[in-house]
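Student: This is upload-v8.txt (compact mmCIF, C-alpha atoms).
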```
# COMPACT_ATOMS: atom_id res chain seq x y z
CA ASP A 1 -2.85 -6.01 5.02
CA VAL A 2 -1.26 -3.82 7.65
CA LYS A 3 -2.99 -4.12 10.95
CA VAL A 4 -2.72 -1.57 13.72
CA THR A 5 -4.66 -2.61 16.79
CA GLN A 6 -5.49 -0.45 19.76
CA SER A 7 -6.35 -2.28 22.94
CA SER A 8 -9.63 -0.49 23.68
CA ARG A 9 -12.29 1.29 21.65
CA TYR A 10 -13.78 3.06 24.66
CA LEU A 11 -12.35 3.84 28.08
CA VAL A 12 -13.72 5.71 31.05
CA LYS A 13 -11.23 6.68 33.73
CA ARG A 14 -11.27 8.83 36.82
CA THR A 15 -9.30 12.03 37.31
CA GLY A 16 -5.88 11.28 38.72
CA GLU A 17 -5.72 7.67 37.48
CA LYS A 18 -2.73 6.39 35.52
CA VAL A 19 -3.95 5.32 32.10
CA PHE A 20 -2.27 3.06 29.57
CA LEU A 21 -3.27 3.02 25.92
CA GLU A 22 -1.72 0.16 23.99
CA CYS A 23 -1.06 -0.12 20.29
CA VAL A 24 0.32 -3.06 18.33
CA GLN A 25 1.25 -3.25 14.64
CA ASP A 26 1.98 -6.40 12.70
CA MET A 27 4.01 -5.13 9.75
CA ASP A 28 7.45 -4.65 11.31
CA HIS A 29 7.18 -0.89 10.83
CA GLU A 30 9.97 1.31 12.15
CA ASN A 31 7.89 4.35 12.95
CA MET A 32 4.92 4.66 15.27
CA PHE A 33 2.81 7.62 16.33
CA TRP A 34 0.26 8.70 18.89
CA TYR A 35 -2.22 11.40 17.88
CA ARG A 36 -5.02 13.09 19.64
CA GLN A 37 -8.12 14.09 17.67
CA ASP A 38 -10.47 16.82 18.86
CA PRO A 39 -13.32 18.52 16.98
CA GLY A 40 -12.13 21.51 14.99
CA LEU A 41 -8.48 20.82 15.79
CA GLY A 42 -7.79 17.89 13.52
CA LEU A 43 -5.04 15.47 14.48
CA ARG A 44 -2.32 16.65 16.81
CA LEU A 45 0.86 14.67 17.34
CA ILE A 46 1.59 13.68 20.92
CA TYR A 47 4.67 11.47 20.46
CA PHE A 48 6.55 9.75 17.70
CA SER A 49 8.88 6.75 17.91
CA TYR A 50 11.36 6.01 15.13
CA ASP A 51 12.79 2.85 16.63
CA VAL A 52 12.68 0.68 19.73
CA LYS A 53 13.26 2.80 22.84
CA MET A 54 13.59 5.93 20.69
CA LYS A 55 11.03 8.70 20.89
CA GLU A 56 10.45 12.31 19.94
CA LYS A 57 8.01 14.75 21.46
CA GLY A 58 5.30 15.92 19.17
CA ASP A 59 3.28 19.09 19.33
CA ILE A 60 1.38 18.38 22.56
CA PRO A 61 3.43 16.03 24.79
CA GLU A 62 2.54 17.65 28.11
CA GLY A 63 0.79 15.24 30.45
CA TYR A 64 1.77 12.20 28.40
CA SER A 65 4.63 9.76 28.18
CA VAL A 66 5.31 6.80 25.91
CA SER A 67 7.04 3.47 25.95
CA ARG A 68 8.38 1.37 23.10
CA GLU A 69 10.16 -1.68 24.45
CA LYS A 70 9.37 -3.85 21.43
CA LYS A 71 9.18 -2.86 17.80
CA GLU A 72 5.55 -3.84 17.38
CA ARG A 73 4.18 -2.15 20.50
CA PHE A 74 3.85 1.53 21.35
CA SER A 75 2.16 2.56 24.57
CA LEU A 76 0.79 5.95 25.53
CA ILE A 77 0.70 6.73 29.24
CA LEU A 78 -1.31 9.39 30.97
CA GLU A 79 0.49 9.74 34.27
CA SER A 80 -2.41 11.42 36.05
CA ALA A 81 -5.48 11.69 33.88
CA SER A 82 -7.31 14.99 33.76
CA THR A 83 -10.65 15.94 32.26
CA ASN A 84 -8.96 17.96 29.49
CA GLN A 85 -7.44 14.71 28.24
CA THR A 86 -10.88 13.45 27.28
CA SER A 87 -10.44 12.84 23.57
CA MET A 88 -10.06 10.36 20.73
CA TYR A 89 -6.58 8.84 20.62
CA LEU A 90 -5.23 7.40 17.40
CA CYS A 91 -2.17 5.22 16.97
CA ALA A 92 -0.42 4.88 13.61
CA SER A 93 2.58 3.15 12.11
CA ARG A 94 4.56 3.42 8.90
CA ALA A 95 7.49 1.71 7.27
CA VAL A 96 9.84 4.64 6.59
CA LEU A 97 9.88 8.43 6.26
CA ASN A 98 7.38 10.08 3.93
CA THR A 99 5.36 6.97 3.21
CA GLU A 100 1.78 6.60 4.24
CA ALA A 101 0.82 5.85 7.82
CA PHE A 102 -1.66 3.17 8.83
CA PHE A 103 -4.01 3.93 11.67
CA GLY A 104 -5.70 1.96 14.39
CA GLN A 105 -9.42 2.23 15.05
CA GLY A 106 -8.96 4.79 17.81
CA THR A 107 -9.62 4.83 21.54
CA ARG A 108 -12.23 7.22 22.81
CA LEU A 109 -11.13 8.13 26.32
CA THR A 110 -13.40 9.88 28.76
CA VAL A 111 -11.92 11.18 32.01
CA VAL A 112 -14.52 11.92 34.68
CA ALA B 113 5.54 27.90 8.22
CA GLN B 114 4.02 24.61 7.20
CA LYS B 115 0.30 24.39 7.18
CA VAL B 116 -2.62 22.57 5.61
CA THR B 117 -5.95 24.33 5.25
CA GLN B 118 -9.23 22.58 4.61
CA ALA B 119 -11.58 25.51 4.57
CA GLN B 120 -14.73 23.44 4.15
CA THR B 121 -15.74 22.25 7.59
CA GLU B 122 -18.80 20.35 6.44
CA ILE B 123 -20.39 19.62 3.08
CA SER B 124 -23.75 18.01 2.40
CA VAL B 125 -24.68 16.63 -0.99
CA VAL B 126 -27.39 14.42 -2.36
CA GLU B 127 -26.43 10.99 -3.59
CA LYS B 128 -25.06 10.92 -7.15
CA GLU B 129 -23.87 14.50 -7.00
CA ASP B 130 -20.20 15.24 -7.61
CA VAL B 131 -18.32 16.89 -4.76
CA THR B 132 -14.87 18.45 -4.46
CA LEU B 133 -12.97 18.70 -1.21
CA ASP B 134 -10.40 21.48 -1.13
CA CYS B 135 -6.91 21.29 0.32
CA VAL B 136 -4.43 24.15 0.31
CA TYR B 137 -0.97 23.74 1.79
CA GLU B 138 1.99 25.92 2.71
CA THR B 139 5.60 24.81 2.76
CA ARG B 140 8.97 26.23 1.77
CA ASP B 141 10.35 22.80 1.00
CA THR B 142 10.74 21.89 -2.65
CA THR B 143 10.27 18.19 -2.02
CA TYR B 144 7.27 17.08 -0.06
CA TYR B 145 4.48 14.54 -0.01
CA LEU B 146 0.74 15.02 0.14
CA PHE B 147 -1.84 12.56 1.40
CA TRP B 148 -5.56 12.11 1.66
CA TYR B 149 -7.22 9.99 4.33
CA LYS B 150 -10.84 9.00 4.92
CA GLN B 151 -12.23 8.58 8.43
CA PRO B 152 -15.58 6.78 8.39
CA PRO B 153 -17.78 6.68 11.50
CA SER B 154 -15.90 3.59 12.68
CA GLY B 155 -12.98 5.89 13.51
CA GLU B 156 -10.02 4.41 11.67
CA LEU B 157 -8.27 6.69 9.18
CA VAL B 158 -8.00 4.95 5.83
CA PHE B 159 -5.22 5.92 3.45
CA LEU B 160 -6.44 7.03 0.02
CA ILE B 161 -3.51 8.51 -1.89
CA ARG B 162 0.07 9.75 -1.63
CA ARG B 163 1.57 12.18 -4.11
CA ASN B 164 5.06 13.65 -4.26
CA SER B 165 5.72 17.25 -5.21
CA PHE B 166 7.36 16.38 -8.51
CA ASP B 167 4.41 14.48 -9.85
CA GLU B 168 1.68 16.88 -10.90
CA GLN B 169 -0.26 14.38 -12.92
CA ASN B 170 -3.86 14.10 -11.90
CA GLU B 171 -4.92 10.72 -10.65
CA ILE B 172 -8.17 8.85 -10.99
CA SER B 173 -9.18 5.78 -9.04
CA GLY B 174 -12.72 4.70 -9.77
CA ARG B 175 -15.03 7.48 -8.59
CA TYR B 176 -12.17 9.31 -6.88
CA SER B 177 -9.88 11.79 -8.56
CA TRP B 178 -7.20 14.14 -7.32
CA ASN B 179 -6.04 17.43 -8.82
CA PHE B 180 -2.58 18.54 -7.72
CA GLN B 181 -1.62 22.08 -8.71
CA LYS B 182 1.74 23.24 -7.44
CA SER B 183 1.17 26.77 -8.76
CA THR B 184 -1.73 27.27 -6.36
CA SER B 185 -0.46 24.90 -3.63
CA SER B 186 -3.61 22.87 -3.84
CA PHE B 187 -4.37 19.17 -3.79
CA ASN B 188 -8.11 18.83 -4.27
CA PHE B 189 -10.12 15.65 -4.09
CA THR B 190 -13.23 15.00 -6.17
CA ILE B 191 -15.78 12.25 -5.66
CA THR B 192 -17.91 11.61 -8.72
CA ALA B 193 -21.45 10.28 -8.33
CA SER B 194 -21.25 10.31 -4.55
CA GLN B 195 -22.73 7.49 -2.49
CA VAL B 196 -23.96 7.29 1.08
CA VAL B 197 -20.91 5.17 1.93
CA ASP B 198 -18.72 8.15 1.07
CA SER B 199 -20.01 9.92 4.18
CA ALA B 200 -16.95 10.45 6.36
CA VAL B 201 -14.42 13.00 7.51
CA TYR B 202 -11.66 13.51 4.97
CA PHE B 203 -8.20 14.71 5.94
CA CYS B 204 -5.49 16.17 3.78
CA ALA B 205 -1.89 15.97 5.08
CA LEU B 206 1.54 17.28 4.16
CA SER B 207 4.90 15.64 4.90
CA PRO B 208 8.05 17.52 3.87
CA ARG B 209 10.83 15.26 2.71
CA GLY B 210 13.11 14.02 5.44
CA THR B 211 10.82 14.99 8.31
CA TYR B 212 8.92 12.50 10.39
CA LYS B 213 5.85 14.63 10.81
CA TYR B 214 2.59 14.80 9.00
CA ILE B 215 0.84 18.15 9.09
CA PHE B 216 -2.86 17.45 8.96
CA GLY B 217 -5.67 19.76 7.98
CA THR B 218 -8.64 20.03 10.29
CA GLY B 219 -10.72 17.79 8.07
CA THR B 220 -13.89 18.13 6.01
CA ARG B 221 -16.99 16.25 7.06
CA LEU B 222 -18.88 15.00 4.02
CA LYS B 223 -22.51 13.97 4.37
CA VAL B 224 -24.08 12.21 1.43
CA LEU B 225 -27.84 12.09 1.72
CA ALA B 226 -29.91 9.36 0.15
```
Output the structure of this file as structure tokens.

Tutor:
Amino acid sequence: DVKVTQSSRYLVKRTGEKVFLECVQDMDHENMFWYRQDPGLGLRLIYFSYDVKMKEKGDIPEGYSVSREKKERFSLILESASTNQTSMYLCASRAVLNTEAFFGQGTRLTVV
Amino acid sequence: AQKVTQAQTEISVVEKEDVTLDCVYETRDTTYYLFWYKQPPSGELVFLIRRNSFDEQNEISGRYSWNFQKSTSSFNFTITASQVVDSAVYFCALSPRGTYKYIFGTGTRLKVLA
């Protein structure tokens, strides 16, 4: 079974802190994603990575950056957390284009 | 424009009832892929089905069935004899061929009452 693991289920951070959300997949997938999920808005793509050190901005990249130094790991970075970044963050991976993605369990981040 | 609409925000049914979740999509591409995911309270989205635009055959998997109609741009999902464990948020998604993105609907929350 594909396993996508996010480092934390719940996080509480203070405004202005630098926050790292980590995601690891164990299926040698090329593509990895970071989504944000908010009520009524569905899933919105923050960043996508199609290979090691390669990334594309998604629909809402502002305030975020990403890092993919190894194929299995994709990190989401909030450079200076703000209260409007309080949300559920979902990581996903997939083998190739147009196949199904596999999701992690999500990280619920609260910025106070 | 590419868009997925799940007009039903929340549905409540009593156990053993059948329920259909609607999904309507928009795309100008002739080749695309459609997906359904289930998000139980635990939070992880679970893949249910993938269908390409050239395959309009309906699919049945146990109590789940999917009706793909290209003429109406719909990909509806029916749960037969619903169970409490079916309670979740269900997402429909579109992925045009050759693009890396998924376009997700806003989800339908299904509550199955005992």

Student: Using all atoms listed in the file, which of the listed residues (A:Arg73, A:Lys57, A:Gly106, A:Phe20) sits closest to Pro153 (chain B)?

Tutor: A:Gly106

Student: Would you mind reading off the distance between CA of Gln85 (chain A) and CA of Val111 (chain A), one decimal, in Å?

Tutor: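 These two atoms are separated by 6.8 Å.
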
Student: By how many Å are CA of Ser183 (chain B) and CA of Tyr212 (chain B) apart?

Tutor: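 Pair CA of Ser183 (chain B) / CA of Tyr212 (chain B) returns 25.1 Å.
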
Student: Which of these, B:Tyr144, B:Lys213, B:Pro208, B:Ala200, has the shortest distance to Thr121 (chain B) once you count all atoms listed in the file?

Tutor: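 Of B:Tyr144, B:Lys213, B:Pro208, B:Ala200, the one nearest Thr121 (chain B) is B:Ala200, counting all atoms listed in the file.
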
Student: For Gln6 (chain A), which of A:Met88, A:Val24, A:Val96, A:Ile46 is the closest residue, counting all atoms listed in the file?

Tutor: A:Val24

Student: Using all atoms listed in the file, can you tell me which of A:Phe74, A:Phe48, A:Trp34, A:Tyr64 comes closest to Val19 (chain A)?

Tutor: A:Tyr64

Student: Write out, as JSON lines, each residue of chain B that has an atom at most 9 Å from chain A, together with the closest pair of atoms and their distance in Å to one decimal, counting all atoms listed in the file, rows going by chain and rising number.

Tutor:
```
{"residue": "B:Thr121", "atom": "CA", "partner": "A:Gly40", "partner_atom": "CA", "distance": 8.3}
{"residue": "B:Tyr144", "atom": "CA", "partner": "A:Asn98", "partner_atom": "CA", "distance": 8.1}
{"residue": "B:Tyr145", "atom": "CA", "partner": "A:Asn98", "partner_atom": "CA", "distance": 6.6}
{"residue": "B:Phe147", "atom": "CA", "partner": "A:Glu100", "partner_atom": "CA", "distance": 7.5}
{"residue": "B:Ser154", "atom": "CA", "partner": "A:Gln105", "partner_atom": "CA", "distance": 7.0}
{"residue": "B:Gly155", "atom": "CA", "partner": "A:Gln105", "partner_atom": "CA", "distance": 5.3}
{"residue": "B:Glu156", "atom": "CA", "partner": "A:Gln105", "partner_atom": "CA", "distance": 4.1}
{"residue": "B:Leu157", "atom": "CA", "partner": "A:Phe103", "partner_atom": "CA", "distance": 5.7}
{"residue": "B:Val158", "atom": "CA", "partner": "A:Phe103", "partner_atom": "CA", "distance": 7.1}
{"residue": "B:Phe159", "atom": "CA", "partner": "A:Phe102", "partner_atom": "CA", "distance": 7.0}
{"residue": "B:Ile161", "atom": "CA", "partner": "A:Glu100", "partner_atom": "CA", "distance": 8.3}
{"residue": "B:Arg162", "atom": "CA", "partner": "A:Glu100", "partner_atom": "CA", "distance": 6.9}
{"residue": "B:Phe203", "atom": "CA", "partner": "A:Gly42", "partner_atom": "CA", "distance": 8.2}
{"residue": "B:Ser207", "atom": "CA", "partner": "A:Asn98", "partner_atom": "CA", "distance": 6.2}
{"residue": "B:Pro208", "atom": "CA", "partner": "A:Asn98", "partner_atom": "CA", "distance": 7.5}
{"residue": "B:Arg209", "atom": "CA", "partner": "A:Asn98", "partner_atom": "CA", "distance": 6.3}
{"residue": "B:Gly210", "atom": "CA", "partner": "A:Leu97", "partner_atom": "CA", "distance": 6.5}
{"residue": "B:Thr211", "atom": "CA", "partner": "A:Leu97", "partner_atom": "CA", "distance": 6.9}
{"residue": "B:Tyr212", "atom": "CA", "partner": "A:Leu97", "partner_atom": "CA", "distance": 5.9}
{"residue": "B:Lys213", "atom": "CA", "partner": "A:Leu45", "partner_atom": "CA", "distance": 8.2}
{"residue": "B:Tyr214", "atom": "CA", "partner": "A:Asn98", "partner_atom": "CA", "distance": 8.4}
{"residue": "B:Ile215", "atom": "CA", "partner": "A:Leu43", "partner_atom": "CA", "distance": 8.4}
{"residue": "B:Phe216", "atom": "CA", "partner": "A:Leu43", "partner_atom": "CA", "distance": 6.3}
{"residue": "B:Gly217", "atom": "CA", "partner": "A:Gly42", "partner_atom": "CA", "distance": 6.2}
{"residue": "B:Thr218", "atom": "CA", "partner": "A:Gly42", "partner_atom": "CA", "distance": 4.0}
{"residue": "B:Gly219", "atom": "CA", "partner": "A:Gly42", "partner_atom": "CA", "distance": 6.2}
```

Student: For a quick check of understanding, using only C-alpha atoms, which of A:Ser80, A:Ser93, A:Asp28, A:Lys13 has the smallest distance to Tyr47 (chain A)?

Tutor: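 Smallest distance to Tyr47 (chain A) is found for A:Ser93.
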
Student: Find the residues near region 180-182 of chain B: any atom within 8 Å, counting only C-alpha atoms, skip ones fewer than 2 places away on the same chain, and give them as a PDB file with C-alpha atoms, in the frame of the given file.

Tutor:
```
ATOM      1  CA  SER B 165       5.720  17.250  -5.210  1.00  0.00           C
ATOM      2  CA  GLU B 168       1.680  16.880 -10.900  1.00  0.00           C
ATOM      3  CA  GLN B 169      -0.260  14.380 -12.920  1.00  0.00           C
ATOM      4  CA  ASN B 170      -3.860  14.100 -11.900  1.00  0.00           C
ATOM      5  CA  TRP B 178      -7.200  14.140  -7.320  1.00  0.00           C
ATOM      6  CA  THR B 184      -1.730  27.270  -6.360  1.00  0.00           C
ATOM      7  CA  SER B 185      -0.460  24.900  -3.630  1.00  0.00           C
ATOM      8  CA  SER B 186      -3.610  22.870  -3.840  1.00  0.00           C
ATOM      9  CA  PHE B 187      -4.370  19.170  -3.790  1.00  0.00           C
ATOM     10  CA  ASN B 188      -8.110  18.830  -4.270  1.00  0.00           C
TER      11      ASN B 188
END
```

Student: Would you mind telling me which residue in A:Leu78, A:Lys53, A:Val112, A:Thr86 lies nearest to Lys18 (chain A) when using all atoms listed in the file?

Tutor: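 When distances to Lys18 (chain A) are compared using all atoms listed in the file, the smallest one comes from A:Leu78.
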
Student: Rounded to one decimal in Å, what is the spacing between CA of Gln118 (chain B) and CA of Thr220 (chain B)?

Tutor: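 Pair CA of Gln118 (chain B) / CA of Thr220 (chain B) returns 6.6 Å.
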
Student: Quick one: residues within 7 Å of Val52 (chain A), only C-alpha atoms counted, chain neighbours fewer than 3 positions away excluded, as JSON, numbers by chain?

Tutor: {"A": [68, 69, 70, 71]}

Student: Which protein, DNA or RNA residues are at most 6 Å from (3.8, 6.2, 30.5) in the file's coordinates when you count only C-alpha atoms, listed as JSON, numbers by chain?

Tutor: {"A": [65, 66, 76, 77]}

Student: Using all atoms listed in the file, give me every residue within 9 Å of (-4.4, 20.4, 33.0) in file coordinates, as a PDB file with C-alpha atoms, in the coordinates of the input.

Tutor:
```
ATOM      1  CA  GLU A  62       2.540  17.650  28.110  1.00  0.00           C
ATOM      2  CA  GLY A  63       0.790  15.240  30.450  1.00  0.00           C
ATOM      3  CA  ALA A  81      -5.480  11.690  33.880  1.00  0.00           C
ATOM      4  CA  SER A  82      -7.310  14.990  33.760  1.00  0.00           C
ATOM      5  CA  THR A  83     -10.650  15.940  32.260  1.00  0.00           C
ATOM      6  CA  ASN A  84      -8.960  17.960  29.490  1.00  0.00           C
ATOM      7  CA  GLN A  85      -7.440  14.710  28.240  1.00  0.00           C
TER       8      GLN A  85
END
```

Student: Which polymer residues have any atom within 6 Å of an atom of His29 (chain A), counting all atoms listed in the file, with same-chain residues fewer than 2 positions away left out, as a PyMOL selection string?

Tutor: chain A and resi 27+31+94-95

Student: Put the listed atoms of region 180-183 of chain B in a box along x, y and z with 8 Å added on every side and give me the centre and edge lengths in Å to one decimal, as JSON.

Tutor:
```
{"center_x": -0.4, "center_y": 22.7, "center_z": -8.1, "size_x": 20.3, "size_y": 24.2, "size_z": 17.3}
```

Student: Could I get region 137-167 of chain B rebuilt with N, CA and C atoms, written as a short mmCIF file (atom, residue, chain, number, x, y, z; two decimals), keeping the file's coordinate frame?

Tutor:
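Saved as result.cif:
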```cif
data_model
loop_
_atom_site.label_atom_id
_atom_site.label_comp_id
_atom_site.auth_asym_id
_atom_site.auth_seq_id
_atom_site.Cartn_x
_atom_site.Cartn_y
_atom_site.Cartn_z
N TYR B 137 -2.08 23.97 0.87
CA TYR B 137 -0.97 23.74 1.79
C TYR B 137 0.06 24.85 1.67
N GLU B 138 0.88 24.97 2.70
CA GLU B 138 1.99 25.92 2.71
C GLU B 138 3.24 25.18 3.14
N THR B 139 4.30 25.34 2.37
CA THR B 139 5.60 24.81 2.76
C THR B 139 6.67 25.51 1.95
N ARG B 140 7.85 25.65 2.51
CA ARG B 140 8.97 26.23 1.77
C ARG B 140 9.84 25.14 1.16
N ASP B 141 9.56 23.90 1.55
CA ASP B 141 10.35 22.80 1.00
C ASP B 141 10.01 22.58 -0.47
N THR B 142 11.00 22.17 -1.23
CA THR B 142 10.74 21.89 -2.65
C THR B 142 10.33 20.44 -2.87
N THR B 143 10.67 19.59 -1.92
CA THR B 143 10.27 18.19 -2.02
C THR B 143 9.38 17.86 -0.84
N TYR B 144 8.21 17.40 -1.12
CA TYR B 144 7.27 17.08 -0.06
C TYR B 144 6.26 16.07 -0.60
N TYR B 145 5.46 15.56 0.33
CA TYR B 145 4.48 14.54 -0.01
C TYR B 145 3.12 14.97 0.53
N LEU B 146 2.11 14.67 -0.23
CA LEU B 146 0.74 15.02 0.14
C LEU B 146 -0.08 13.75 0.22
N PHE B 147 -1.02 13.75 1.15
CA PHE B 147 -1.84 12.56 1.40
C PHE B 147 -3.30 12.96 1.58
N TRP B 148 -4.17 12.02 1.28
CA TRP B 148 -5.56 12.11 1.66
C TRP B 148 -5.93 10.85 2.44
N TYR B 149 -6.71 11.08 3.52
CA TYR B 149 -7.22 9.99 4.33
C TYR B 149 -8.73 10.17 4.48
N LYS B 150 -9.40 9.03 4.65
CA LYS B 150 -10.84 9.00 4.92
C LYS B 150 -11.06 8.44 6.32
N GLN B 151 -11.89 9.10 7.11
CA GLN B 151 -12.23 8.58 8.43
C GLN B 151 -13.73 8.34 8.49
N PRO B 152 -14.15 7.09 8.28
CA PRO B 152 -15.58 6.78 8.39
C PRO B 152 -16.00 6.79 9.86
N PRO B 153 -17.30 6.65 10.11
CA PRO B 153 -17.78 6.68 11.50
C PRO B 153 -17.11 5.65 12.41
N SER B 154 -16.58 4.60 11.86
CA SER B 154 -15.90 3.59 12.68
C SER B 154 -14.64 4.14 13.34
N GLY B 155 -14.08 5.22 12.82
CA GLY B 155 -12.98 5.89 13.51
C GLY B 155 -11.61 5.73 12.90
N GLU B 156 -11.36 4.65 12.19
CA GLU B 156 -10.02 4.41 11.67
C GLU B 156 -9.75 5.25 10.43
N LEU B 157 -8.63 5.94 10.39
CA LEU B 157 -8.27 6.69 9.18
C LEU B 157 -7.78 5.70 8.12
N VAL B 158 -8.34 5.84 6.94
CA VAL B 158 -8.00 4.95 5.83
C VAL B 158 -7.23 5.75 4.79
N PHE B 159 -6.06 5.25 4.43
CA PHE B 159 -5.22 5.92 3.45
C PHE B 159 -5.87 5.85 2.08
N LEU B 160 -5.88 6.99 1.37
CA LEU B 160 -6.44 7.03 0.02
C LEU B 160 -5.38 7.24 -1.04
N ILE B 161 -4.49 8.22 -0.85
CA ILE B 161 -3.51 8.51 -1.89
C ILE B 161 -2.30 9.24 -1.29
N ARG B 162 -1.16 9.03 -1.93
CA ARG B 162 0.07 9.75 -1.63
C ARG B 162 0.61 10.30 -2.94
N ARG B 163 1.04 11.54 -2.89
CA ARG B 163 1.57 12.18 -4.11
C ARG B 163 2.81 12.96 -3.75
N ASN B 164 3.88 12.84 -4.53
CA ASN B 164 5.06 13.65 -4.26
C ASN B 164 5.02 14.92 -5.08
N SER B 165 5.81 15.90 -4.65
CA SER B 165 5.72 17.25 -5.21
C SER B 165 6.21 17.35 -6.64
N PHE B 166 6.87 16.33 -7.14
CA PHE B 166 7.36 16.38 -8.51
C PHE B 166 6.40 15.73 -9.50
N ASP B 167 5.35 15.18 -8.97
CA ASP B 167 4.41 14.48 -9.85
C ASP B 167 3.09 15.22 -9.85
#
```
